[in-house]
Amino acid sequence: MDGSTLQSPQQNHSTLVAFILLGFSDVPNLQEFLFGLFLMVYLIILMGNSLIIIIIRADPSLQTPMYFFLGNFSFLEMCYVSVTLPRLLTDLYRQDRIISFMACGTQMYFFLIFGATECFILTAMAYDRYVAICNPLLYPLIMNNSLCIQLAAGCWISGVPVHIGFTYWIFSLPFCGSNQLNHFFCDIPPVLTLACGDTFMIEMIIYVIALLVVTIPFMLILASYVKIISSILKLPSATGRAKAFSTCSSHLIVVALFFGSGIITYLRPKSSHSAGVDKFLSLFYTVVTPMFNPMIYCLRNKDVMIALKKYFLRCFVL
């Protein structure tokens, strides 16, 4: 469809009413392969994270704060990828890449909400590990059921009002000229490149929100792990140190993957942005990281592996 049909001449210049998501249209010969690849990845993410949730709920030994947050995290990962991958799969299958302003704004809003929630839940998980290792005697008292529910609820809802206003502000900007969004979903950087006029203020707001949602949680996680590692090194037995490290290593790997790619994407200067790099980084934290999370938490966690074996044995016996 011609891009001119997606414009509404209500001013001296045409005002866009929809975008065309270019996605991976620059590789037309790979559309079927990419559809199959992303469909397989999506199913792996859904099945892997669903399995973690089922195991946590089914095994009494995993009814602890650590696995309560892991269950929240797994459910969040399914929500997070479901914001972008189904739309990408539809575009690859139908080759109809038009997305309305309303759909684009809705996608961006939920992407930002779930992204912020992921930052907060990873921080809550780090706090849980900090209390467990640095204050083990007080752990049952501090990380009680009430606090866990409050922390989880805070993680899920704290970013909602900010991102409602922020998304509304972005889509209140005038958009004119090209309607081709060189990305596979409605992310902030590619949408802003199509905005007319001065976007300096909103770019400053992006840096402020990224500081609050990404950088500060990341620094809190780092501070927690400095304390955690210091406490682990003081443990008298090698077995105790190995067990403590094993409970933290999975979380550290996920934090490094998610925050690393997110910080590079949203906190690097606008002048260094390029469509190819942005798409690669976005694939990394929207698709690759959620796909590996179940593997990381299962393969590197003895308790989850034991629970997984018991679950499958019970299923086969039945």
# chains A, B, ... in the order shown; residues from 1 in each chain; ligands from 1
>>> select_by_dssp(residues="stretch 160-296 of chain A", states="helix (DSSP H, G or I)", output="PyMOL selection string")
chain A and resi 160-171+188-192+200-233+238-267+270-272+275-296
>>> closest_atom_pairs(of="stretch 182-281 of chain A", to="stretch 123-144 of chain A", cutoff="6 Å", atoms="only C-alpha atoms", output="tab-separated table")
residue	atom	partner	partner_atom	distance
A:Pro217	CA	A:Thr123	CA	5.9
A:Ile221	CA	A:Thr123	CA	5.7
A:Ser224	CA	A:Tyr130	CA	5.8
A:Ile228	CA	A:Tyr130	CA	5.7
>>> closest_residue(among="A:Leu281, A:Val81, A:Ile205, A:Val226", to="A:His163", atoms="only C-alpha atoms")
A:Ile205
>>> atom_distance(atom1="atom CA of A:Leu252", atom2="atom CA of A:Ile149")
22.8 Å
>>> atom_distance(atom1="atom CA of A:Phe73", atom2="atom CA of A:Leu147")
16.7 Å
>>> residues_around(residues="stretch 155-159 of chain A", least_positions_apart="6", cutoff="9 Å", atoms="only C-alpha atoms", output="ChimeraX atom specification")
/A:112-114,116-121,124,213
>>> atom_distance(atom1="atom CA of A:Asp59", atom2="atom CA of A:Ser82")
27.1 Å
>>> closest_residue(among="A:Tyr207, A:Phe38, A:Pro236, A:Lys310", to="A:Thr265", atoms="only C-alpha atoms")
A:Tyr207
